[in-house]
Structure formats: C-alpha cells, structure tokens
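Source file protein-v8.pdb; content: PDB, C-alpha atoms.
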```pdb
ATOM      1  CA  ASP A   1     -60.949  40.754 100.892  1.00  0.00           C
ATOM      2  CA  ALA A   2     -61.056  43.583 103.460  1.00  0.00           C
ATOM      3  CA  LEU A   3     -59.980  46.247 100.955  1.00  0.00           C
ATOM      4  CA  PRO A   4     -62.986  45.819  98.591  1.00  0.00           C
ATOM      5  CA  ILE A   5     -65.332  45.965 101.603  1.00  0.00           C
ATOM      6  CA  CYS A   6     -63.686  49.198 102.802  1.00  0.00           C
ATOM      7  CA  ASP A   7     -63.959  50.655  99.285  1.00  0.00           C
ATOM      8  CA  ALA A   8     -67.639  49.678  99.146  1.00  0.00           C
ATOM      9  CA  ILE A   9     -68.313  51.314 102.519  1.00  0.00           C
ATOM     10  CA  MET A  10     -66.504  54.495 101.461  1.00  0.00           C
ATOM     11  CA  ASN A  11     -68.529  54.603  98.230  1.00  0.00           C
ATOM     12  CA  VAL A  12     -71.797  54.330 100.200  1.00  0.00           C
ATOM     13  CA  ILE A  13     -70.670  57.128 102.543  1.00  0.00           C
ATOM     14  CA  HIS A  14     -69.658  59.403  99.657  1.00  0.00           C
ATOM     15  CA  ASP A  15     -72.944  58.737  97.825  1.00  0.00           C
ATOM     16  CA  SER A  16     -74.885  59.515 100.992  1.00  0.00           C
ATOM     17  CA  LEU A  17     -73.012  62.789 101.525  1.00  0.00           C
ATOM     18  CA  ARG A  18     -73.958  63.929  98.001  1.00  0.00           C
ATOM     19  CA  GLN A  19     -77.689  63.523  98.734  1.00  0.00           C
ATOM     20  CA  PRO A  20     -79.623  66.551  99.975  1.00  0.00           C
ATOM     21  CA  GLY A  21     -80.516  66.417 103.657  1.00  0.00           C
ATOM     22  CA  LEU A  22     -84.128  66.298 104.784  1.00  0.00           C
ATOM     23  CA  LEU A  23     -83.589  69.571 106.654  1.00  0.00           C
ATOM     24  CA  LYS A  24     -81.513  72.653 106.024  1.00  0.00           C
ATOM     25  CA  LEU A  25     -80.339  73.898 109.406  1.00  0.00           C
ATOM     26  CA  SER A  26     -79.400  77.557 109.907  1.00  0.00           C
ATOM     27  CA  LEU A  27     -77.726  78.854 113.063  1.00  0.00           C
ATOM     28  CA  THR A  28     -77.282  82.388 114.420  1.00  0.00           C
ATOM     29  CA  PRO A  29     -75.099  82.389 117.546  1.00  0.00           C
ATOM     30  CA  GLU A  30     -74.756  85.316 119.953  1.00  0.00           C
ATOM     31  CA  TYR A  31     -72.294  85.465 122.841  1.00  0.00           C
ATOM     32  CA  GLU A  32     -73.571  86.707 126.215  1.00  0.00           C
ATOM     33  CA  LYS A  33     -70.361  87.272 128.171  1.00  0.00           C
ATOM     34  CA  HIS A  34     -72.054  88.603 131.310  1.00  0.00           C
ATOM     35  CA  ARG A  35     -73.883  85.267 131.637  1.00  0.00           C
ATOM     36  CA  SER A  36     -71.112  83.071 130.109  1.00  0.00           C
ATOM     37  CA  LEU A  37     -73.607  81.742 127.572  1.00  0.00           C
ATOM     38  CA  MET A  38     -73.840  81.207 123.839  1.00  0.00           C
ATOM     39  CA  SER A  39     -77.425  81.750 122.649  1.00  0.00           C
ATOM     40  CA  ILE A  40     -78.186  80.126 119.313  1.00  0.00           C
ATOM     41  CA  GLU A  41     -81.221  80.905 117.214  1.00  0.00           C
ATOM     42  CA  TYR A  42     -81.935  77.973 114.903  1.00  0.00           C
ATOM     43  CA  TYR A  43     -84.162  77.486 111.896  1.00  0.00           C
ATOM     44  CA  ALA A  44     -84.849  74.075 110.359  1.00  0.00           C
ATOM     45  CA  GLU A  45     -86.209  74.308 106.830  1.00  0.00           C
ATOM     46  CA  ILE A  46     -87.736  71.181 105.318  1.00  0.00           C
ATOM     47  CA  ASN A  47     -86.177  70.142 102.016  1.00  0.00           C
ATOM     48  CA  ALA A  48     -89.375  69.534 100.028  1.00  0.00           C
ATOM     49  CA  SER A  49     -87.619  67.359  97.440  1.00  0.00           C
ATOM     50  CA  ALA A  50     -86.282  65.051 100.165  1.00  0.00           C
ATOM     51  CA  CYS A  51     -89.294  64.920 102.493  1.00  0.00           C
ATOM     52  CA  GLU A  52     -92.694  63.606 101.450  1.00  0.00           C
ATOM     53  CA  SER A  53     -94.788  64.765 104.411  1.00  0.00           C
ATOM     54  CA  GLY A  54     -93.667  68.402 104.391  1.00  0.00           C
ATOM     55  CA  SER A  55     -94.039  68.702 108.175  1.00  0.00           C
ATOM     56  CA  LEU A  56     -91.785  68.282 111.185  1.00  0.00           C
ATOM     57  CA  SER A  57     -92.102  65.328 113.523  1.00  0.00           C
ATOM     58  CA  SER A  58     -92.605  65.916 117.230  1.00  0.00           C
ATOM     59  CA  GLN A  59     -89.731  63.484 117.811  1.00  0.00           C
ATOM     60  CA  LEU A  60     -86.977  65.753 116.498  1.00  0.00           C
ATOM     61  CA  VAL A  61     -84.144  66.818 118.782  1.00  0.00           C
ATOM     62  CA  ILE A  62     -81.484  69.445 118.125  1.00  0.00           C
ATOM     63  CA  HIS A  63     -78.045  68.705 119.548  1.00  0.00           C
ATOM     64  CA  CYS A  64     -75.505  71.553 119.874  1.00  0.00           C
ATOM     65  CA  ALA A  65     -71.829  71.199 120.726  1.00  0.00           C
ATOM     66  CA  LEU A  66     -69.395  73.992 121.487  1.00  0.00           C
ATOM     67  CA  VAL A  67     -66.049  72.596 120.314  1.00  0.00           C
ATOM     68  CA  GLU A  68     -62.461  73.724 120.740  1.00  0.00           C
ATOM     69  CA  ARG A  69     -59.700  72.880 118.277  1.00  0.00           C
ATOM     70  CA  SER A  70     -55.929  72.654 118.560  1.00  0.00           C
ATOM     71  CA  ILE A  71     -55.815  71.737 122.243  1.00  0.00           C
ATOM     72  CA  LYS A  72     -52.356  70.503 123.214  1.00  0.00           C
ATOM     73  CA  THR A  73     -51.649  68.240 126.176  1.00  0.00           C
ATOM     74  CA  GLN A  74     -48.178  67.543 127.585  1.00  0.00           C
ATOM     75  CA  VAL A  75     -48.153  63.930 128.770  1.00  0.00           C
ATOM     76  CA  THR A  76     -46.120  63.426 131.953  1.00  0.00           C
ATOM     77  CA  ASP A  77     -46.704  59.717 132.666  1.00  0.00           C
ATOM     78  CA  GLY A  78     -47.463  56.444 130.938  1.00  0.00           C
ATOM     79  CA  GLN A  79     -46.540  55.152 127.509  1.00  0.00           C
ATOM     80  CA  ASN A  80     -46.892  58.631 125.941  1.00  0.00           C
ATOM     81  CA  ARG A  81     -44.693  60.350 128.559  1.00  0.00           C
ATOM     82  CA  GLY A  82     -42.795  63.278 127.068  1.00  0.00           C
ATOM     83  CA  LYS A  83     -45.101  63.559 124.062  1.00  0.00           C
ATOM     84  CA  THR A  84     -47.382  66.421 123.152  1.00  0.00           C
ATOM     85  CA  LEU A  85     -50.819  65.289 122.038  1.00  0.00           C
ATOM     86  CA  GLN A  86     -53.023  67.527 119.890  1.00  0.00           C
ATOM     87  CA  HIS A  87     -56.810  67.240 119.965  1.00  0.00           C
ATOM     88  CA  ASP A  88     -59.354  68.740 117.568  1.00  0.00           C
ATOM     89  CA  ASN A  89     -63.084  69.336 118.020  1.00  0.00           C
ATOM     90  CA  VAL A  90     -63.030  68.644 121.742  1.00  0.00           C
ATOM     91  CA  VAL A  91     -66.581  69.086 123.015  1.00  0.00           C
ATOM     92  CA  ARG A  92     -66.495  71.729 125.750  1.00  0.00           C
ATOM     93  CA  SER A  93     -70.249  72.162 126.141  1.00  0.00           C
ATOM     94  CA  PHE A  94     -73.178  70.087 124.841  1.00  0.00           C
ATOM     95  CA  VAL A  95     -76.948  70.590 125.021  1.00  0.00           C
ATOM     96  CA  SER A  96     -79.913  68.791 123.456  1.00  0.00           C
ATOM     97  CA  GLN A  97     -83.574  69.792 123.331  1.00  0.00           C
ATOM     98  CA  ARG A  98     -86.701  69.065 121.324  1.00  0.00           C
ATOM     99  CA  VAL A  99     -87.130  71.038 118.117  1.00  0.00           C
ATOM    100  CA  SER A 100     -90.091  73.389 118.249  1.00  0.00           C
ATOM    101  CA  PRO A 101     -93.060  72.344 116.063  1.00  0.00           C
ATOM    102  CA  PHE A 102     -92.412  75.365 113.833  1.00  0.00           C
ATOM    103  CA  GLY A 103     -88.792  74.371 113.207  1.00  0.00           C
ATOM    104  CA  GLN A 104     -87.334  77.470 114.781  1.00  0.00           C
ATOM    105  CA  GLY A 105     -86.305  78.389 118.267  1.00  0.00           C
ATOM    106  CA  SER A 106     -83.338  78.987 120.487  1.00  0.00           C
ATOM    107  CA  ILE A 107     -80.947  76.901 122.502  1.00  0.00           C
ATOM    108  CA  THR A 108     -78.407  78.063 125.074  1.00  0.00           C
ATOM    109  CA  LEU A 109     -74.984  76.600 125.777  1.00  0.00           C
ATOM    110  CA  PRO A 110     -72.773  77.407 128.772  1.00  0.00           C
ATOM    111  CA  VAL A 111     -69.361  78.787 127.748  1.00  0.00           C
ATOM    112  CA  PRO A 112     -66.486  77.420 129.872  1.00  0.00           C
ATOM    113  CA  PRO A 113     -64.348  80.178 131.437  1.00  0.00           C
ATOM    114  CA  ASN A 114     -61.044  78.762 130.105  1.00  0.00           C
ATOM    115  CA  LEU A 115     -62.219  78.393 126.497  1.00  0.00           C
ATOM    116  CA  ILE A 116     -59.754  79.674 123.892  1.00  0.00           C
ATOM    117  CA  GLN A 117     -62.189  81.724 121.844  1.00  0.00           C
ATOM    118  CA  ASN A 118     -60.088  81.911 118.648  1.00  0.00           C
ATOM    119  CA  ASN A 119     -60.204  78.113 118.305  1.00  0.00           C
ATOM    120  CA  THR A 120     -63.914  77.453 118.766  1.00  0.00           C
ATOM    121  CA  GLY A 121     -66.794  76.331 116.662  1.00  0.00           C
ATOM    122  CA  LEU A 122     -70.404  75.325 117.005  1.00  0.00           C
ATOM    123  CA  ILE A 123     -71.654  72.029 115.590  1.00  0.00           C
ATOM    124  CA  ALA A 124     -75.382  71.319 115.565  1.00  0.00           C
ATOM    125  CA  PHE A 125     -77.501  68.549 114.134  1.00  0.00           C
ATOM    126  CA  ILE A 126     -81.140  67.536 114.177  1.00  0.00           C
ATOM    127  CA  GLN A 127     -81.971  63.914 114.871  1.00  0.00           C
ATOM    128  CA  ASP A 128     -85.215  61.961 114.599  1.00  0.00           C
ATOM    129  CA  MET A 129     -85.425  60.031 117.859  1.00  0.00           C
ATOM    130  CA  ARG A 130     -87.700  57.372 116.344  1.00  0.00           C
ATOM    131  CA  ASP A 131     -85.001  55.931 114.081  1.00  0.00           C
ATOM    132  CA  MET A 132     -81.936  57.991 115.190  1.00  0.00           C
ATOM    133  CA  GLN A 133     -81.494  59.350 111.635  1.00  0.00           C
ATOM    134  CA  ILE A 134     -79.594  62.634 111.317  1.00  0.00           C
ATOM    135  CA  LEU A 135     -81.787  64.907 109.199  1.00  0.00           C
ATOM    136  CA  GLY A 136     -79.600  67.986 108.934  1.00  0.00           C
ATOM    137  CA  ALA A 137     -76.451  69.531 110.361  1.00  0.00           C
ATOM    138  CA  GLU A 138     -74.522  72.776 110.375  1.00  0.00           C
ATOM    139  CA  ALA A 139     -71.196  74.054 111.688  1.00  0.00           C
ATOM    140  CA  VAL A 140     -70.295  77.664 112.469  1.00  0.00           C
ATOM    141  CA  GLU A 141     -66.933  79.214 113.325  1.00  0.00           C
ATOM    142  CA  LEU A 142     -67.302  81.313 116.481  1.00  0.00           C
ATOM    143  CA  LYS A 143     -64.186  83.500 116.258  1.00  0.00           C
ATOM    144  CA  THR A 144     -66.131  86.343 114.628  1.00  0.00           C
ATOM    145  CA  VAL A 145     -68.981  85.989 117.151  1.00  0.00           C
ATOM    146  CA  PHE A 146     -66.538  86.482 120.027  1.00  0.00           C
ATOM    147  CA  MET A 147     -64.748  89.317 118.151  1.00  0.00           C
ATOM    148  CA  ARG A 148     -68.053  91.091 117.467  1.00  0.00           C
ATOM    149  CA  HIS A 149     -68.847  90.984 121.185  1.00  0.00           C
ATOM    150  CA  LYS A 150     -65.450  92.509 122.040  1.00  0.00           C
ATOM    151  CA  GLU A 151     -65.972  95.268 119.457  1.00  0.00           C
ATOM    152  CA  LEU A 152     -69.392  96.093 120.910  1.00  0.00           C
ATOM    153  CA  MET A 153     -67.892  96.241 124.407  1.00  0.00           C
ATOM    154  CA  ASN A 154     -65.232  98.713 123.193  1.00  0.00           C
ATOM    155  CA  VAL A 155     -67.677 101.187 121.636  1.00  0.00           C
ATOM    156  CA  GLN A 156     -67.525 104.463 123.528  1.00  0.00           C
ATOM    157  CA  PRO A 157     -70.797 106.321 124.146  1.00  0.00           C
ATOM    158  CA  ILE A 158     -71.207 109.606 122.293  1.00  0.00           C
ATOM    159  CA  PRO A 159     -70.964 112.520 124.772  1.00  0.00           C
TER     160      PRO A 159
END
```

What's the structure tokens form of this structure?
Amino acid sequence: DALPICDAIMNVIHDSLRQPGLLKLSLTPEYEKHRSLMSIEYYAEINASACESGSLSSQLVIHCALVERSIKTQVTDGQNRGKTLQHDNVVRSFVSQRVSPFGQGSITLPVPPNLIQNNTGLIAFIQDMRDMQILGAEAVELKTVFMRHKELMNVQPIP
C-alpha cells in the first residue's frame, strides 16, 4: 500500500514543478572582497498568468543562502569512524529580509573566510509569510562571480 501512496505524492510534486511560479526571481550577485560580503540585487517579477491581483504583498520575505558543495569530512570517532562523508549544499551564510514593495532591492550576505569559492552557489526564494507558500526561487553559480572579482583585481592601471 505504501508504494501507490509514494507514487501519488511524486506525481503531485512533479505536476506542481511544471506549473509556473507566481514570481520570476532574478539575481545579480557581486562579491565585495574588502568587506567579505556578497551583495545581491534582486528583482521579483509577477507572473501575470499565475497571479490575479498583479501586486506584491507586504508579507513577502526573500531568503538567501550562500551554499558550498563537495565538502568532505574525515570522521575520527563514532560509528562512522574512518569514513569520509561528503556534503552538498551546506549553508555557509543565510539572510532573510522583507521584499521591497516594488519587488526589487538588494540583500547582503557575509562570506565566510574559509569558503572554497569554486564550489559555491547562491540559492534564493521568496516566501509569503501569511501562508508560508514559496512564490519563486532562483539559484546562481558563484564561481564566475568570484573569478570576475579576481580578474578585476589583476587589471594593471595604464601608465
């Protein structure tokens, strides 16, 4: 009996994922090394076909997570002693704030000093705090953001 229930749940999830979100979220991250911060400009565009009111609620919150992938841990004690555990999408920094009434704004995340920059990403989602519904989400790889910063730092001034 459990298998048909699992199949039914998976079908509901897949159907839900095929539906357009209420918001299209766009992210533009910029690394500020001197302040150890990631500044993210966001823009939440209402999907007119999915939203009847056409306006943003004052109860919307944007959540941003700086995540690191492929973290390996050598276990020295306990039942997993001697094993190497691998972790993906480990949240290294997380910030939430209200979405501006115009659907665009900026949010700043601290960047941990020991972050492996080649293995990082940014995951953001907008949530309606009245019913906890996720209205839109976006993920961005940050490798190129960090690389762009390094390239800018290596540019030599023209004499």

Choose the residue, out of A:Met38, A:Ala124, A:Ile62, A:Ala139, that has the smallest atom-to-atom separation from A:Pro112; count only C-alpha atoms. A:Met38

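Atom pair atom CA of A:Gln117 / atom CA of A:Asp77 has a distance of 29.0 Å (rounded to one decimal).
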
6 Å contact set for stretch 92-96 of chain A, only C-alpha atoms, chain neighbours under 2 positions out, as an MDAnalysis selection string: chainID A and resid 62:67

Output the residue selection produced by the PyMOL selection byres ((chain A and resi 60) around 6) on the file above, formatted as a PDB file with C-alpha atoms, in the coordinates of the input.
```pdb
ATOM      1  CA  SER A  57     -92.102  65.328 113.523  1.00  0.00           C
ATOM      2  CA  SER A  58     -92.605  65.916 117.230  1.00  0.00           C
ATOM      3  CA  GLN A  59     -89.731  63.484 117.811  1.00  0.00           C
ATOM      4  CA  VAL A  61     -84.144  66.818 118.782  1.00  0.00           C
ATOM      5  CA  ARG A  98     -86.701  69.065 121.324  1.00  0.00           C
ATOM      6  CA  VAL A  99     -87.130  71.038 118.117  1.00  0.00           C
ATOM      7  CA  GLN A 127     -81.971  63.914 114.871  1.00  0.00           C
ATOM      8  CA  ASP A 128     -85.215  61.961 114.599  1.00  0.00           C
TER       9      ASP A 128
END
```

Quick check, in Å to one decimal: how far apart do atom CA of A:Ile123 and atom CA of A:Leu142 lie? 10.3 Å

To one decimal in Å, tell me the separation between atom CA of A:Ser39 and atom CA of A:Thr108.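 Going from atom CA of A:Ser39 over to atom CA of A:Thr108 covers 4.5 Å.
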
Pick from A:Ala8, A:Leu85, A:Leu135, A:Ile46, whichever lies nearest to A:Gly103 using all atoms listed in the file: A:Ile46

Mind telling me what the PyMOL selection byres ((chain A and resi 28-36) around 9) catches here, as a list in words? Ser26, Leu27, Leu37, Met38, Ser39, Ile40, Glu41, Tyr42, Tyr43, Leu109, Pro110, Val111, Pro112, Pro113, Leu122, Val140, Leu142, Val145, Phe146, Arg148 and His149 of chain A

Set the distance at 8 Å and use all atoms listed in the file: which residues neighbour A:Asn89 once local chain neighbours fewer than 4 positions away are removed? I'd like the list as an MDAnalysis selection string. chainID A and resid 67:70

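Of the listed residues A:Ala44, A:Arg81, A:Gly136, A:Leu22, the one whose atoms come nearest to A:Ser106 is A:Ala44, with distances taken using all atoms listed in the file.
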
Name every residue that the PyMOL selection byres ((chain A and resi 74) around 7) selects in this structure, writing the answer as a PyMOL selection string with chains first and numbers rising. chain A and resi 72-73+75-76+82-85

Between A:Met129, A:Leu25, A:Ala137, A:Val91, which has the minimum distance to A:Gln104 (counting all atoms listed in the file)?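 So, comparing all the options, the nearest one is A:Leu25.
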
Kindly compute an axis-aligned box around the listed atoms of stretch 90-98 of chain A, allowing 6 Å on each side, and express its centre and edge lengths in Å to one decimal as AutoDock Vina command-line options.
```
--center_x -74.9 --center_y 70.4 --center_z 123.7 --size_x 35.7 --size_y 15.5 --size_z 16.8
```

Starting from the incomplete input, reconstruct all heavy atoms of stretch 99-110 of chain A and report them as an mmCIF file, in the frame of the given file.
```cif
data_model
loop_
_atom_site.group_PDB
_atom_site.id
_atom_site.type_symbol
_atom_site.label_atom_id
_atom_site.label_comp_id
_atom_site.auth_asym_id
_atom_site.auth_seq_id
_atom_site.Cartn_x
_atom_site.Cartn_y
_atom_site.Cartn_z
ATOM 1 N N VAL A 99 -86.937 69.984 119.112
ATOM 2 C CA VAL A 99 -87.130 71.038 118.117
ATOM 3 C C VAL A 99 -88.564 71.532 118.236
ATOM 4 O O VAL A 99 -89.500 70.736 118.377
ATOM 5 C CB VAL A 99 -86.850 70.495 116.695
ATOM 6 C CG1 VAL A 99 -87.212 71.515 115.631
ATOM 7 C CG2 VAL A 99 -85.391 70.070 116.570
ATOM 8 N N SER A 100 -88.743 72.833 118.169
ATOM 9 C CA SER A 100 -90.091 73.389 118.249
ATOM 10 C C SER A 100 -90.906 72.915 117.040
ATOM 11 O O SER A 100 -90.350 72.634 115.983
ATOM 12 C CB SER A 100 -90.047 74.918 118.285
ATOM 13 O OG SER A 100 -89.786 75.422 116.995
ATOM 14 N N PRO A 101 -92.224 72.834 117.169
ATOM 15 C CA PRO A 101 -93.060 72.344 116.063
ATOM 16 C C PRO A 101 -92.955 73.210 114.810
ATOM 17 O O PRO A 101 -93.247 72.760 113.715
ATOM 18 C CB PRO A 101 -94.484 72.395 116.621
ATOM 19 C CG PRO A 101 -94.366 72.620 118.072
ATOM 20 C CD PRO A 101 -92.999 73.118 118.366
ATOM 21 N N PHE A 102 -92.523 74.458 114.977
ATOM 22 C CA PHE A 102 -92.412 75.365 113.833
ATOM 23 C C PHE A 102 -91.033 75.318 113.195
ATOM 24 O O PHE A 102 -90.779 75.990 112.206
ATOM 25 C CB PHE A 102 -92.747 76.799 114.264
ATOM 26 C CG PHE A 102 -94.081 76.890 114.932
ATOM 27 C CD1 PHE A 102 -94.156 77.081 116.302
ATOM 28 C CD2 PHE A 102 -95.256 76.747 114.212
ATOM 29 C CE1 PHE A 102 -95.392 77.151 116.938
ATOM 30 C CE2 PHE A 102 -96.484 76.802 114.832
ATOM 31 C CZ PHE A 102 -96.551 77.000 116.205
ATOM 32 N N GLY A 103 -90.116 74.531 113.788
ATOM 33 C CA GLY A 103 -88.792 74.371 113.207
ATOM 34 C C GLY A 103 -87.838 75.508 113.523
ATOM 35 O O GLY A 103 -86.752 75.565 112.963
ATOM 36 N N GLN A 104 -88.249 76.401 114.396
ATOM 37 C CA GLN A 104 -87.334 77.470 114.781
ATOM 38 C C GLN A 104 -87.440 77.710 116.277
ATOM 39 O O GLN A 104 -88.474 77.468 116.881
ATOM 40 C CB GLN A 104 -87.601 78.748 114.009
ATOM 41 C CG GLN A 104 -88.977 79.340 114.211
ATOM 42 C CD GLN A 104 -89.199 80.527 113.293
ATOM 43 O OE1 GLN A 104 -88.554 80.668 112.265
ATOM 44 N NE2 GLN A 104 -90.121 81.380 113.664
ATOM 45 N N GLY A 105 -86.334 78.150 116.836
ATOM 46 C CA GLY A 105 -86.305 78.389 118.267
ATOM 47 C C GLY A 105 -84.917 78.787 118.695
ATOM 48 O O GLY A 105 -84.096 79.206 117.881
ATOM 49 N N SER A 106 -84.664 78.637 119.981
ATOM 50 C CA SER A 106 -83.338 78.987 120.487
ATOM 51 C C SER A 106 -82.881 77.926 121.475
ATOM 52 O O SER A 106 -83.688 77.224 122.083
ATOM 53 C CB SER A 106 -83.352 80.362 121.145
ATOM 54 O OG SER A 106 -84.224 80.365 122.252
ATOM 55 N N ILE A 107 -81.583 77.829 121.586
ATOM 56 C CA ILE A 107 -80.947 76.901 122.502
ATOM 57 C C ILE A 107 -79.754 77.634 123.111
ATOM 58 O O ILE A 107 -79.147 78.473 122.456
ATOM 59 C CB ILE A 107 -80.546 75.594 121.771
ATOM 60 C CG1 ILE A 107 -80.140 74.501 122.748
ATOM 61 C CG2 ILE A 107 -79.516 75.827 120.707
ATOM 62 C CD1 ILE A 107 -80.074 73.111 122.124
ATOM 63 N N THR A 108 -79.465 77.351 124.370
ATOM 64 C CA THR A 108 -78.407 78.063 125.074
ATOM 65 C C THR A 108 -77.361 77.081 125.580
ATOM 66 O O THR A 108 -77.703 76.054 126.163
ATOM 67 C CB THR A 108 -79.003 78.848 126.261
ATOM 68 O OG1 THR A 108 -80.026 79.710 125.762
ATOM 69 C CG2 THR A 108 -77.945 79.680 126.941
ATOM 70 N N LEU A 109 -76.100 77.419 125.330
ATOM 71 C CA LEU A 109 -74.984 76.600 125.777
ATOM 72 C C LEU A 109 -74.138 77.371 126.784
ATOM 73 O O LEU A 109 -73.825 78.541 126.543
ATOM 74 C CB LEU A 109 -74.057 76.265 124.598
ATOM 75 C CG LEU A 109 -74.477 75.187 123.642
ATOM 76 C CD1 LEU A 109 -73.681 75.299 122.354
ATOM 77 C CD2 LEU A 109 -74.240 73.830 124.257
ATOM 78 N N PRO A 110 -73.729 76.747 127.882
ATOM 79 C CA PRO A 110 -72.773 77.407 128.772
ATOM 80 C C PRO A 110 -71.406 77.493 128.094
ATOM 81 O O PRO A 110 -71.005 76.576 127.378
ATOM 82 C CB PRO A 110 -72.725 76.503 130.000
ATOM 83 C CG PRO A 110 -73.376 75.234 129.609
ATOM 84 C CD PRO A 110 -74.178 75.460 128.375
#
```
